[in-house]
file model.pdb (PDB, C-alpha atoms, pLDDT in the B column)
ATOM      1  CA  MET A  12     193.808 198.960  95.085  1.00 52.00           C
ATOM      2  CA  THR A  13     192.411 195.449  95.310  1.00 63.00           C
ATOM      3  CA  ALA A  14     191.198 194.766  98.838  1.00 74.00           C
ATOM      4  CA  ILE A  15     193.384 192.463 100.937  1.00 91.00           C
ATOM      5  CA  SER A  16     191.554 189.665 102.706  1.00 93.00           C
ATOM      6  CA  ALA A  17     192.444 188.484 106.204  1.00 94.00           C
ATOM      7  CA  VAL A  18     191.570 184.968 104.989  1.00 95.00           C
ATOM      8  CA  ALA A  19     194.121 183.203 102.793  1.00 95.00           C
ATOM      9  CA  PRO A  20     193.110 181.985  99.331  1.00 93.00           C
ATOM     10  CA  ARG A  21     193.537 178.254  98.775  1.00 92.00           C
ATOM     11  CA  LEU A  22     196.913 177.169  97.490  1.00 93.00           C
ATOM     12  CA  PRO A  23     196.913 176.222  93.788  1.00 87.00           C
ATOM     13  CA  GLY A  24     198.141 172.684  94.285  1.00 85.00           C
ATOM     14  CA  ARG A  25     199.855 170.797  97.084  1.00 88.00           C
ATOM     15  CA  PRO A  26     202.192 172.623  99.491  1.00 92.00           C
ATOM     16  CA  TRP A  27     205.884 171.915  99.070  1.00 89.00           C
ATOM     17  CA  ILE A  28     206.845 173.074 102.577  1.00 91.00           C
ATOM     18  CA  GLN A  29     205.002 173.557 105.886  1.00 94.00           C
ATOM     19  CA  GLN A  30     206.216 175.354 109.017  1.00 94.00           C
ATOM     20  CA  ASP A  31     204.951 176.668 112.325  1.00 96.00           C
ATOM     21  CA  TRP A  32     205.715 180.364 112.879  1.00 97.00           C
ATOM     22  CA  LEU A  33     205.598 181.136 116.607  1.00 98.00           C
ATOM     23  CA  ASP A  34     205.828 184.281 118.755  1.00 98.00           C
ATOM     24  CA  VAL A  35     205.732 186.549 115.725  1.00 98.00           C
ATOM     25  CA  VAL A  36     206.674 190.202 116.292  1.00 98.00           C
ATOM     26  CA  PHE A  37     205.778 192.733 113.584  1.00 98.00           C
ATOM     27  CA  VAL A  38     207.441 196.166 113.760  1.00 98.00           C
ATOM     28  CA  HIS A  39     206.666 198.658 110.960  1.00 98.00           C
ATOM     29  CA  TRP A  40     207.589 202.131 109.782  1.00 98.00           C
ATOM     30  CA  ARG A  41     205.884 204.304 107.170  1.00 97.00           C
ATOM     31  CA  VAL A  42     208.028 205.397 104.240  1.00 98.00           C
ATOM     32  CA  ASP A  43     207.562 207.059 100.878  1.00 97.00           C
ATOM     33  CA  ILE A  44     207.537 204.666  97.930  1.00 97.00           C
ATOM     34  CA  SER A  45     210.797 206.235  96.709  1.00 97.00           C
ATOM     35  CA  ALA A  46     212.608 204.609  99.662  1.00 96.00           C
ATOM     36  CA  VAL A  47     211.808 201.074  98.511  1.00 97.00           C
ATOM     37  CA  ALA A  48     211.135 201.183  94.753  1.00 96.00           C
ATOM     38  CA  GLN A  49     214.806 200.775  93.816  1.00 95.00           C
ATOM     39  CA  HIS A  50     214.991 197.514  95.780  1.00 96.00           C
ATOM     40  CA  LEU A  51     212.151 195.767  93.957  1.00 97.00           C
ATOM     41  CA  PRO A  52     212.517 193.214  91.158  1.00 94.00           C
ATOM     42  CA  ALA A  53     211.038 193.692  87.709  1.00 93.00           C
ATOM     43  CA  GLY A  54     207.300 193.203  87.464  1.00 93.00           C
ATOM     44  CA  VAL A  55     206.294 194.493  90.900  1.00 97.00           C
ATOM     45  CA  ARG A  56     205.775 197.914  92.463  1.00 97.00           C
ATOM     46  CA  PRO A  57     205.389 199.179  96.039  1.00 98.00           C
ATOM     47  CA  ASP A  58     202.050 198.312  97.608  1.00 98.00           C
ATOM     48  CA  THR A  59     200.614 201.441  99.184  1.00 97.00           C
ATOM     49  CA  LEU A  60     198.349 202.282 102.106  1.00 96.00           C
ATOM     50  CA  GLY A  61     198.273 205.223 104.488  1.00 95.00           C
ATOM     51  CA  ALA A  62     198.264 204.929 108.267  1.00 94.00           C
ATOM     52  CA  ASP A  63     194.559 205.806 108.234  1.00 92.00           C
ATOM     53  CA  GLY A  64     193.757 202.826 106.001  1.00 92.00           C
ATOM     54  CA  VAL A  65     193.238 205.021 102.931  1.00 93.00           C
ATOM     55  CA  ASP A  66     195.478 204.490  99.917  1.00 95.00           C
ATOM     56  CA  ASP A  67     197.260 207.747  99.110  1.00 93.00           C
ATOM     57  CA  GLY A  68     199.403 206.196  96.383  1.00 94.00           C
ATOM     58  CA  THR A  69     202.679 207.290  97.995  1.00 96.00           C
ATOM     59  CA  THR A  70     202.888 205.618 101.432  1.00 97.00           C
ATOM     60  CA  THR A  71     204.299 202.133 101.827  1.00 98.00           C
ATOM     61  CA  TRP A  72     205.824 200.232 104.732  1.00 98.00           C
ATOM     62  CA  VAL A  73     209.048 198.637 105.932  1.00 98.00           C
ATOM     63  CA  GLY A  74     208.699 195.654 108.236  1.00 98.00           C
ATOM     64  CA  LEU A  75     211.126 194.168 110.755  1.00 98.00           C
ATOM     65  CA  ILE A  76     209.692 190.739 111.548  1.00 98.00           C
ATOM     66  CA  ALA A  77     211.023 188.286 114.152  1.00 98.00           C
ATOM     67  CA  PHE A  78     209.710 184.812 114.911  1.00 98.00           C
ATOM     68  CA  GLN A  79     210.509 181.166 115.623  1.00 97.00           C
ATOM     69  CA  PHE A  80     210.414 178.468 112.946  1.00 93.00           C
ATOM     70  CA  THR A  81     209.399 175.051 114.304  1.00 93.00           C
ATOM     71  CA  ASP A  82     208.117 171.715 113.004  1.00 91.00           C
ATOM     72  CA  THR A  83     209.291 172.211 109.414  1.00 91.00           C
ATOM     73  CA  ALA A  84     208.156 169.553 106.947  1.00 90.00           C
ATOM     74  CA  PHE A  85     208.326 168.801 103.243  1.00 87.00           C
ATOM     75  CA  PRO A  86     205.018 166.941 103.337  1.00 86.00           C
ATOM     76  CA  PRO A  87     204.860 164.216 104.372  1.00 86.00           C
ATOM     77  CA  VAL A  88     208.502 164.225 105.563  1.00 85.00           C
ATOM     78  CA  ARG A  89     209.384 166.191 108.716  1.00 85.00           C
ATOM     79  CA  VAL A  90     212.940 167.432 109.082  1.00 81.00           C
ATOM     80  CA  GLY A  91     213.190 167.360 112.877  1.00 79.00           C
ATOM     81  CA  ARG A  92     215.083 169.865 114.985  1.00 82.00           C
ATOM     82  CA  VAL A  93     217.284 170.999 112.111  1.00 79.00           C
ATOM     83  CA  GLY A  94     214.227 172.971 110.967  1.00 81.00           C
ATOM     84  CA  ASP A  95     213.772 174.735 114.321  1.00 91.00           C
ATOM     85  CA  PHE A  96     215.414 178.167 114.476  1.00 95.00           C
ATOM     86  CA  VAL A  97     214.877 181.899 114.978  1.00 97.00           C
ATOM     87  CA  GLU A  98     214.556 184.241 111.997  1.00 97.00           C
ATOM     88  CA  VAL A  99     214.616 188.047 111.777  1.00 98.00           C
ATOM     89  CA  ASN A 100     213.785 189.517 108.377  1.00 98.00           C
ATOM     90  CA  VAL A 101     213.375 192.872 106.675  1.00 98.00           C
ATOM     91  CA  ARG A 102     210.544 193.046 104.175  1.00 98.00           C
ATOM     92  CA  VAL A 103     208.694 195.531 102.007  1.00 98.00           C
ATOM     93  CA  TYR A 104     205.246 195.336 100.442  1.00 98.00           C
ATOM     94  CA  THR A 105     204.546 194.675  96.786  1.00 98.00           C
ATOM     95  CA  VAL A 106     201.833 194.164  94.201  1.00 97.00           C
ATOM     96  CA  ASP A 107     202.244 192.858  90.660  1.00 95.00           C
ATOM     97  CA  ASP A 108     200.383 193.441  87.406  1.00 92.00           C
ATOM     98  CA  GLN A 109     198.078 190.514  88.201  1.00 92.00           C
ATOM     99  CA  GLY A 110     197.002 192.266  91.398  1.00 93.00           C
ATOM    100  CA  ARG A 111     198.752 189.761  93.679  1.00 95.00           C
ATOM    101  CA  HIS A 112     199.771 191.392  96.969  1.00 97.00           C
ATOM    102  CA  GLY A 113     202.960 190.040  98.483  1.00 97.00           C
ATOM    103  CA  VAL A 114     206.256 190.905 100.066  1.00 98.00           C
ATOM    104  CA  VAL A 115     209.838 191.242  98.908  1.00 98.00           C
ATOM    105  CA  PHE A 116     212.428 190.166 101.447  1.00 98.00           C
ATOM    106  CA  LEU A 117     215.485 192.426 101.538  1.00 98.00           C
ATOM    107  CA  SER A 118     217.223 190.219 104.097  1.00 97.00           C
ATOM    108  CA  LEU A 119     216.497 187.148 106.219  1.00 97.00           C
ATOM    109  CA  ASP A 120     218.781 186.219 109.117  1.00 97.00           C
ATOM    110  CA  ALA A 121     218.412 182.641 110.334  1.00 95.00           C
ATOM    111  CA  GLY A 122     219.834 181.026 113.432  1.00 94.00           C
ATOM    112  CA  LYS A 123     221.033 177.795 111.797  1.00 92.00           C
ATOM    113  CA  LEU A 124     223.507 177.288 108.975  1.00 92.00           C
ATOM    114  CA  LEU A 125     221.918 174.347 107.143  1.00 89.00           C
ATOM    115  CA  PRO A 126     218.477 175.984 106.675  1.00 86.00           C
ATOM    116  CA  THR A 127     220.262 179.198 105.604  1.00 90.00           C
ATOM    117  CA  LEU A 128     222.167 177.406 102.857  1.00 91.00           C
ATOM    118  CA  GLY A 129     219.162 175.319 101.838  1.00 87.00           C
ATOM    119  CA  ALA A 130     216.836 178.311 101.584  1.00 85.00           C
ATOM    120  CA  ARG A 131     219.347 180.305  99.533  1.00 88.00           C
ATOM    121  CA  ALA A 132     219.755 177.414  97.105  1.00 87.00           C
ATOM    122  CA  ALA A 133     216.052 176.558  96.817  1.00 83.00           C
ATOM    123  CA  THR A 134     214.555 180.051  96.625  1.00 86.00           C
ATOM    124  CA  ALA A 135     217.401 182.523  95.928  1.00 88.00           C
ATOM    125  CA  LEU A 136     216.211 184.559  98.920  1.00 93.00           C
ATOM    126  CA  PRO A 137     218.882 186.729 100.612  1.00 95.00           C
ATOM    127  CA  TYR A 138     219.379 184.522 103.670  1.00 96.00           C
ATOM    128  CA  TRP A 139     222.224 185.151 106.121  1.00 96.00           C
ATOM    129  CA  TRP A 140     223.546 182.916 108.872  1.00 97.00           C
ATOM    130  CA  ALA A 141     223.264 184.538 112.287  1.00 97.00           C
ATOM    131  CA  HIS A 142     223.382 183.842 115.969  1.00 97.00           C
ATOM    132  CA  ALA A 143     219.745 184.374 116.948  1.00 96.00           C
ATOM    133  CA  GLU A 144     217.700 183.677 120.036  1.00 97.00           C
ATOM    134  CA  PHE A 145     214.247 184.181 121.527  1.00 98.00           C
ATOM    135  CA  ARG A 146     213.575 185.045 125.169  1.00 98.00           C
ATOM    136  CA  ARG A 147     210.495 185.730 127.259  1.00 97.00           C
ATOM    137  CA  PRO A 148     211.744 188.058 130.042  1.00 96.00           C
ATOM    138  CA  GLU A 149     208.219 188.282 131.460  1.00 97.00           C
ATOM    139  CA  PRO A 150     205.008 186.425 130.620  1.00 96.00           C
ATOM    140  CA  ASP A 151     203.716 189.354 128.554  1.00 97.00           C
ATOM    141  CA  ARG A 152     206.951 190.062 126.655  1.00 98.00           C
ATOM    142  CA  ALA A 153     208.624 188.605 123.563  1.00 98.00           C
ATOM    143  CA  ALA A 154     212.277 189.428 122.893  1.00 98.00           C
ATOM    144  CA  TYR A 155     214.629 188.581 120.004  1.00 98.00           C
ATOM    145  CA  ALA A 156     218.358 189.186 119.626  1.00 98.00           C
ATOM    146  CA  MET A 157     220.581 188.336 116.655  1.00 98.00           C
ATOM    147  CA  ARG A 158     224.048 189.029 115.276  1.00 98.00           C
ATOM    148  CA  ARG A 159     224.988 188.212 111.691  1.00 97.00           C
ATOM    149  CA  HIS A 160     228.057 185.960 111.651  1.00 96.00           C
ATOM    150  CA  GLY A 161     231.249 187.651 110.498  1.00 95.00           C
ATOM    151  CA  THR A 162     229.823 191.153 110.894  1.00 96.00           C
ATOM    152  CA  HIS A 163     228.819 193.693 113.526  1.00 95.00           C
ATOM    153  CA  THR A 164     225.245 193.742 112.186  1.00 97.00           C
ATOM    154  CA  ARG A 165     222.802 193.225 115.029  1.00 97.00           C
ATOM    155  CA  SER A 166     219.126 193.471 115.851  1.00 98.00           C
ATOM    156  CA  VAL A 167     217.411 193.462 119.236  1.00 98.00           C
ATOM    157  CA  VAL A 168     213.660 193.807 119.555  1.00 98.00           C
ATOM    158  CA  ASP A 169     211.738 193.391 122.813  1.00 98.00           C
ATOM    159  CA  VAL A 170     207.994 194.052 122.932  1.00 98.00           C
ATOM    160  CA  ARG A 171     205.255 193.968 125.526  1.00 98.00           C
ATOM    161  CA  ILE A 172     202.197 192.039 124.391  1.00 98.00           C
ATOM    162  CA  GLY A 173     198.849 193.745 124.759  1.00 98.00           C
ATOM    163  CA  SER A 174     195.232 192.849 124.219  1.00 97.00           C
ATOM    164  CA  ARG A 175     193.893 190.595 121.478  1.00 98.00           C
ATOM    165  CA  ILE A 176     192.634 192.452 118.396  1.00 98.00           C
ATOM    166  CA  GLU A 177     189.117 191.272 117.665  1.00 96.00           C
ATOM    167  CA  GLU A 178     188.667 193.279 114.449  1.00 96.00           C
ATOM    168  CA  PRO A 179     191.955 194.238 112.758  1.00 96.00           C
ATOM    169  CA  THR A 180     192.029 197.575 110.979  1.00 96.00           C
ATOM    170  CA  ALA A 181     192.599 197.836 107.235  1.00 96.00           C
ATOM    171  CA  LEU A 182     196.242 198.692 107.935  1.00 97.00           C
ATOM    172  CA  GLU A 183     196.767 195.776 110.339  1.00 97.00           C
ATOM    173  CA  THR A 184     195.380 193.413 107.709  1.00 97.00           C
ATOM    174  CA  PHE A 185     197.536 195.028 105.005  1.00 97.00           C
ATOM    175  CA  LEU A 186     200.715 194.518 107.054  1.00 98.00           C
ATOM    176  CA  THR A 187     200.098 190.904 108.089  1.00 98.00           C
ATOM    177  CA  ALA A 188     197.779 189.172 105.592  1.00 97.00           C
ATOM    178  CA  ARG A 189     200.369 188.758 102.838  1.00 96.00           C
ATOM    179  CA  TRP A 190     199.576 185.603 100.923  1.00 97.00           C
ATOM    180  CA  GLY A 191     202.781 185.263  98.949  1.00 96.00           C
ATOM    181  CA  MET A 192     206.251 186.573  98.205  1.00 96.00           C
ATOM    182  CA  HIS A 193     207.738 188.001  95.034  1.00 96.00           C
ATOM    183  CA  VAL A 194     211.154 186.434  94.365  1.00 95.00           C
ATOM    184  CA  HIS A 195     213.594 187.276  91.576  1.00 91.00           C
ATOM    185  CA  ARG A 196     215.571 184.290  90.343  1.00 86.00           C
ATOM    186  CA  ALA A 197     217.296 183.412  87.066  1.00 82.00           C
ATOM    187  CA  GLY A 198     216.142 186.632  85.433  1.00 86.00           C
ATOM    188  CA  ARG A 199     212.443 186.185  86.277  1.00 91.00           C
ATOM    189  CA  THR A 200     210.172 187.333  89.091  1.00 94.00           C
ATOM    190  CA  ARG A 201     207.963 184.614  90.513  1.00 93.00           C
ATOM    191  CA  PHE A 202     205.115 184.720  93.028  1.00 95.00           C
ATOM    192  CA  TRP A 203     205.339 182.025  95.727  1.00 94.00           C
ATOM    193  CA  PRO A 204     201.873 181.713  97.359  1.00 96.00           C
ATOM    194  CA  ASN A 205     201.317 180.760 100.980  1.00 96.00           C
ATOM    195  CA  GLU A 206     198.362 180.062 103.233  1.00 97.00           C
ATOM    196  CA  HIS A 207     197.676 179.848 106.954  1.00 97.00           C
ATOM    197  CA  GLU A 208     194.864 180.513 109.381  1.00 96.00           C
ATOM    198  CA  THR A 209     193.846 184.106 110.053  1.00 97.00           C
ATOM    199  CA  TRP A 210     196.443 185.832 112.239  1.00 97.00           C
ATOM    200  CA  PRO A 211     195.526 185.881 115.975  1.00 98.00           C
ATOM    201  CA  LEU A 212     196.842 189.430 116.356  1.00 98.00           C
ATOM    202  CA  HIS A 213     197.607 191.344 119.539  1.00 98.00           C
ATOM    203  CA  ARG A 214     198.568 194.953 119.976  1.00 97.00           C
ATOM    204  CA  ALA A 215     202.090 195.417 121.302  1.00 98.00           C
ATOM    205  CA  SER A 216     204.509 198.141 122.386  1.00 98.00           C
ATOM    206  CA  VAL A 217     208.286 198.411 122.197  1.00 98.00           C
ATOM    207  CA  VAL A 218     210.276 197.870 125.389  1.00 98.00           C
ATOM    208  CA  HIS A 219     213.644 198.022 123.608  1.00 98.00           C
ATOM    209  CA  LEU A 220     214.676 198.242 119.964  1.00 98.00           C
ATOM    210  CA  ARG A 221     218.116 198.476 118.388  1.00 97.00           C
ATOM    211  CA  ASP A 222     218.475 197.449 114.777  1.00 98.00           C
ATOM    212  CA  ASP A 223     221.127 197.483 112.059  1.00 97.00           C
ATOM    213  CA  LEU A 224     219.314 195.208 109.586  1.00 98.00           C
ATOM    214  CA  VAL A 225     217.076 197.832 108.007  1.00 98.00           C
ATOM    215  CA  ALA A 226     220.004 200.110 107.170  1.00 97.00           C
ATOM    216  CA  ALA A 227     222.119 197.142 106.024  1.00 97.00           C
ATOM    217  CA  ALA A 228     219.359 196.309 103.530  1.00 97.00           C
ATOM    218  CA  GLY A 229     219.802 199.716 101.903  1.00 96.00           C
ATOM    219  CA  LEU A 230     216.819 201.473 103.459  1.00 96.00           C
ATOM    220  CA  PRO A 231     216.992 204.905 105.161  1.00 92.00           C
ATOM    221  CA  PHE A 232     219.788 204.708 107.721  1.00 87.00           C
ATOM    222  CA  ALA A 233     218.000 206.426 110.611  1.00 93.00           C
ATOM    223  CA  LEU A 234     214.614 204.754 110.111  1.00 95.00           C
ATOM    224  CA  THR A 235     214.902 202.376 113.066  1.00 96.00           C
ATOM    225  CA  GLU A 236     215.856 205.262 115.354  1.00 95.00           C
ATOM    226  CA  LEU A 237     212.312 206.558 114.889  1.00 96.00           C
ATOM    227  CA  GLU A 238     209.364 205.306 116.899  1.00 97.00           C
ATOM    228  CA  PRO A 239     207.621 202.536 114.928  1.00 98.00           C
ATOM    229  CA  ASP A 240     204.249 203.367 113.398  1.00 98.00           C
ATOM    230  CA  SER A 241     202.838 199.902 114.106  1.00 98.00           C
ATOM    231  CA  VAL A 242     203.801 197.133 116.545  1.00 98.00           C
ATOM    232  CA  LEU A 243     201.896 193.838 116.571  1.00 98.00           C
ATOM    233  CA  TYR A 244     202.319 190.332 117.980  1.00 98.00           C
ATOM    234  CA  ALA A 245     200.835 186.931 117.140  1.00 98.00           C
ATOM    235  CA  PRO A 246     201.331 183.684 119.115  1.00 98.00           C
ATOM    236  CA  GLY A 247     201.628 181.692 115.903  1.00 96.00           C
ATOM    237  CA  VAL A 248     200.225 180.018 112.808  1.00 97.00           C
ATOM    238  CA  THR A 249     200.969 176.957 110.647  1.00 96.00           C
ATOM    239  CA  THR A 250     202.075 178.104 107.207  1.00 96.00           C
ATOM    240  CA  ARG A 251     202.158 176.240 103.893  1.00 96.00           C
ATOM    241  CA  PHE A 252     203.904 177.431 100.700  1.00 94.00           C
ATOM    242  CA  GLY A 253     203.135 176.538  97.125  1.00 91.00           C
ATOM    243  CA  LEU A 254     205.654 176.529  94.287  1.00 83.00           C
ATOM    244  CA  GLY A 255     206.589 179.807  92.622  1.00 77.00           C
ATOM    245  CA  ARG A 256     204.707 180.852  89.506  1.00 76.00           C
TER     246      ARG A 256
END
call {"tool": "encode", "arguments": {"input": "model.pdb", "output": "structure tokens"}}
result
Amino acid sequence: MTAISAVAPRLPGRPWIQQDWLDVVFVHWRVDISAVAQHLPAGVRPDTLGADGVDDGTTTWVGLIAFQFTDTAFPPVRVGRVGDFVEVNVRVYTVDDQGRHGVVFLSLDAGKLLPTLGARAATALPYWWAHAEFRRPEPDRAAYAMRRHGTHTRSVVDVRIGSRIEEPTALETFLTARWGMHVHRAGRTRFWPNEHETWPLHRASVVHLRDDLVAAAGLPFALTELEPDSVLYAPGVTTRFGLGR
């Protein structure tokens, strides 16, 4: 396996969109590659790494990621408050034949309708419109709650933020330093690169978790009833995306 760097490679060209991602909560479970392989587009395969940071060729990861989008811009034009919303997504980890490590999004629930429609049209990503909100019940907690409109599908994740991680482990880098996404559109799989500063990661622990999104995405139904194998938090980064290739 090609090593994953905590430092983003430079974008090949100018960014087409820029966003701040704030109060990012990463919740992850270990799964066998057979649980995710059927959900991947042509040209990519599950990216693998064991909990001990050693690649066993069979262990991959499912992520439930919640955060706030703010200050969205299509440089140099900023879109204002219409680009500020909460998102909760389900993602899995991929690598292609060129050795590019990325993610595949199985679902993305966004708290505003216009960005949901725009993102679906521009990227073909599986965005859903949801009622979604962020709360900080205590200074050291970050809590998200969402409900997908027109359904009973919900997700609630509340974590307590711990100490800053000075030297992330190989696994923590693997789960967070993903410098692109693999997207299937019009019969082809493209890699959309992104860059941002190195994640300012903190350890975290679950206060409360109830999730329907992972099962709704077609992953093992009882997975989110298990204790997560990794919980992390980051106060935020400014992210830039290049065009898909």
call {"tool": "resolve_selection", "arguments": {"input": "model.pdb", "expression": "the PyMOL selection byres ((chain A and resi 201-212) around 9)", "output": "short mmCIF file (atom, residue, chain, number, x, y, z; two decimals) with C-alpha atoms, keeping the file's coordinate frame"}}
result
data_model
loop_
_atom_site.label_atom_id
_atom_site.label_comp_id
_atom_site.auth_asym_id
_atom_site.auth_seq_id
_atom_site.Cartn_x
_atom_site.Cartn_y
_atom_site.Cartn_z
CA ALA A 17 192.44 188.48 106.20
CA VAL A 18 191.57 184.97 104.99
CA ALA A 19 194.12 183.20 102.79
CA PRO A 20 193.11 181.98 99.33
CA ARG A 21 193.54 178.25 98.78
CA LEU A 22 196.91 177.17 97.49
CA PRO A 23 196.91 176.22 93.79
CA PRO A 26 202.19 172.62 99.49
CA ASP A 107 202.24 192.86 90.66
CA ARG A 111 198.75 189.76 93.68
CA GLY A 113 202.96 190.04 98.48
CA SER A 174 195.23 192.85 124.22
CA ARG A 175 193.89 190.60 121.48
CA ILE A 176 192.63 192.45 118.40
CA GLU A 177 189.12 191.27 117.66
CA PRO A 179 191.96 194.24 112.76
CA GLU A 183 196.77 195.78 110.34
CA THR A 184 195.38 193.41 107.71
CA THR A 187 200.10 190.90 108.09
CA ALA A 188 197.78 189.17 105.59
CA ARG A 189 200.37 188.76 102.84
CA TRP A 190 199.58 185.60 100.92
CA GLY A 191 202.78 185.26 98.95
CA MET A 192 206.25 186.57 98.20
CA HIS A 193 207.74 188.00 95.03
CA VAL A 194 211.15 186.43 94.36
CA HIS A 195 213.59 187.28 91.58
CA ARG A 196 215.57 184.29 90.34
CA ARG A 199 212.44 186.18 86.28
CA THR A 200 210.17 187.33 89.09
CA HIS A 213 197.61 191.34 119.54
CA ARG A 214 198.57 194.95 119.98
CA LEU A 243 201.90 193.84 116.57
CA TYR A 244 202.32 190.33 117.98
CA ALA A 245 200.84 186.93 117.14
CA PRO A 246 201.33 183.68 119.12
CA GLY A 247 201.63 181.69 115.90
CA VAL A 248 200.22 180.02 112.81
CA THR A 249 200.97 176.96 110.65
CA THR A 250 202.08 178.10 107.21
CA ARG A 251 202.16 176.24 103.89
CA PHE A 252 203.90 177.43 100.70
CA GLY A 253 203.14 176.54 97.12
CA LEU A 254 205.65 176.53 94.29
CA GLY A 255 206.59 179.81 92.62
CA ARG A 256 204.71 180.85 89.51
#
call {"tool": "residues_around", "arguments": {"input": "model.pdb", "residues": "range 102-105 of chain A", "least_positions_apart": "3", "cutoff": "10 Å", "atoms": "all atoms listed in the file", "output": "PyMOL selection string"}}
result
chain A and resi 39+44+47-48+50-52+54-60+71-76+99+110-119+185-186+189+191-193+225+228
call {"tool": "residues_around", "arguments": {"input": "model.pdb", "residues": "Val242 in chain A", "least_positions_apart": "6", "cutoff": "6 Å", "atoms": "only C-alpha atoms", "output": "PyMOL selection string"}}
result
chain A and resi 37-38+215-216
call {"tool": "atom_distance", "arguments": {"input": "model.pdb", "atom1": "CA of Ser241 in chain A", "atom2": "CA of Ala77 in chain A"}}
result
14.2 Å
call {"tool": "resolve_selection", "arguments": {"input": "model.pdb", "expression": "the PyMOL selection byres ((chain A and resi 153) around 12)", "output": "MDAnalysis selection string"}}
result
chainID A and resid 33:37 77:79 144:152 154:156 167:173 215:220 243:246
call {"tool": "residues_near_point", "arguments": {"input": "model.pdb", "point": "(215.8, 176.0, 115.8)", "cutoff": "8 Å", "atoms": "only C-alpha atoms", "output": "short mmCIF file (atom, residue, chain, number, x, y, z; two decimals) with C-alpha atoms, in the coordinates of the input"}}
result
data_model
loop_
_atom_site.label_atom_id
_atom_site.label_comp_id
_atom_site.auth_asym_id
_atom_site.auth_seq_id
_atom_site.Cartn_x
_atom_site.Cartn_y
_atom_site.Cartn_z
CA GLN A 79 210.51 181.17 115.62
CA PHE A 80 210.41 178.47 112.95
CA THR A 81 209.40 175.05 114.30
CA ARG A 92 215.08 169.86 114.98
CA VAL A 93 217.28 171.00 112.11
CA GLY A 94 214.23 172.97 110.97
CA ASP A 95 213.77 174.74 114.32
CA PHE A 96 215.41 178.17 114.48
CA VAL A 97 214.88 181.90 114.98
CA GLY A 122 219.83 181.03 113.43
CA LYS A 123 221.03 177.80 111.80
#
call {"tool": "axis_aligned_box", "arguments": {"input": "model.pdb", "around": "range 180-192 of chain A", "padding_each_side": "5 Å", "output": "AutoDock Vina command-line options"}}
result
--center_x 199.1 --center_y 192.0 --center_z 104.6 --size_x 24.2 --size_y 23.4 --size_z 22.8
call {"tool": "build_atoms", "arguments": {"input": "model.pdb", "residues": "range 99-113 of chain A", "atoms": "N, CA and C atoms", "output": "PDB file, in the frame of the given file"}}
result
ATOM      1  N   VAL A  99     214.951 186.619 111.772  1.00 98.00           N
ATOM      2  CA  VAL A  99     214.616 188.047 111.777  1.00 98.00           C
ATOM      3  C   VAL A  99     214.767 188.533 110.343  1.00 98.00           C
ATOM      4  N   ASN A 100     213.701 189.085 109.776  1.00 98.00           N
ATOM      5  CA  ASN A 100     213.785 189.517 108.377  1.00 98.00           C
ATOM      6  C   ASN A 100     213.337 190.962 108.202  1.00 98.00           C
ATOM      7  N   VAL A 101     213.790 191.538 107.099  1.00 98.00           N
ATOM      8  CA  VAL A 101     213.375 192.872 106.675  1.00 98.00           C
ATOM      9  C   VAL A 101     212.589 192.698 105.388  1.00 98.00           C
ATOM     10  N   ARG A 102     211.378 193.234 105.359  1.00 98.00           N
ATOM     11  CA  ARG A 102     210.544 193.046 104.175  1.00 98.00           C
ATOM     12  C   ARG A 102     209.827 194.340 103.810  1.00 98.00           C
ATOM     13  N   VAL A 103     209.487 194.426 102.526  1.00 98.00           N
ATOM     14  CA  VAL A 103     208.694 195.531 102.007  1.00 98.00           C
ATOM     15  C   VAL A 103     207.516 194.940 101.245  1.00 98.00           C
ATOM     16  N   TYR A 104     206.547 195.799 100.897  1.00 98.00           N
ATOM     17  CA  TYR A 104     205.246 195.336 100.442  1.00 98.00           C
ATOM     18  C   TYR A 104     205.045 195.633  98.962  1.00 98.00           C
ATOM     19  N   THR A 105     204.556 194.626  98.242  1.00 98.00           N
ATOM     20  CA  THR A 105     204.546 194.675  96.786  1.00 98.00           C
ATOM     21  C   THR A 105     203.219 194.206  96.216  1.00 98.00           C
ATOM     22  N   VAL A 106     202.979 194.638  94.975  1.00 97.00           N
ATOM     23  CA  VAL A 106     201.833 194.164  94.201  1.00 97.00           C
ATOM     24  C   VAL A 106     202.307 194.055  92.760  1.00 97.00           C
ATOM     25  N   ASP A 107     201.814 193.036  92.042  1.00 95.00           N
ATOM     26  CA  ASP A 107     202.244 192.858  90.660  1.00 95.00           C
ATOM     27  C   ASP A 107     201.104 193.204  89.701  1.00 95.00           C
ATOM     28  N   ASP A 108     201.369 193.050  88.416  1.00 92.00           N
ATOM     29  CA  ASP A 108     200.383 193.441  87.406  1.00 92.00           C
ATOM     30  C   ASP A 108     199.155 192.550  87.410  1.00 92.00           C
ATOM     31  N   GLN A 109     199.241 191.385  88.048  1.00 92.00           N
ATOM     32  CA  GLN A 109     198.078 190.514  88.201  1.00 92.00           C
ATOM     33  C   GLN A 109     197.280 190.837  89.459  1.00 92.00           C
ATOM     34  N   GLY A 110     197.711 191.866  90.187  1.00 93.00           N
ATOM     35  CA  GLY A 110     197.002 192.266  91.398  1.00 93.00           C
ATOM     36  C   GLY A 110     197.315 191.413  92.610  1.00 93.00           C
ATOM     37  N   ARG A 111     198.391 190.624  92.553  1.00 95.00           N
ATOM     38  CA  ARG A 111     198.752 189.761  93.679  1.00 95.00           C
ATOM     39  C   ARG A 111     199.595 190.555  94.679  1.00 95.00           C
ATOM     40  N   HIS A 112     199.089 190.659  95.906  1.00 97.00           N
ATOM     41  CA  HIS A 112     199.771 191.392  96.969  1.00 97.00           C
ATOM     42  C   HIS A 112     200.737 190.450  97.674  1.00 97.00           C
ATOM     43  N   GLY A 113     201.969 190.881  97.830  1.00 97.00           N
ATOM     44  CA  GLY A 113     202.960 190.040  98.483  1.00 97.00           C
ATOM     45  C   GLY A 113     203.989 190.861  99.218  1.00 97.00           C
TER      46      GLY A 113
END
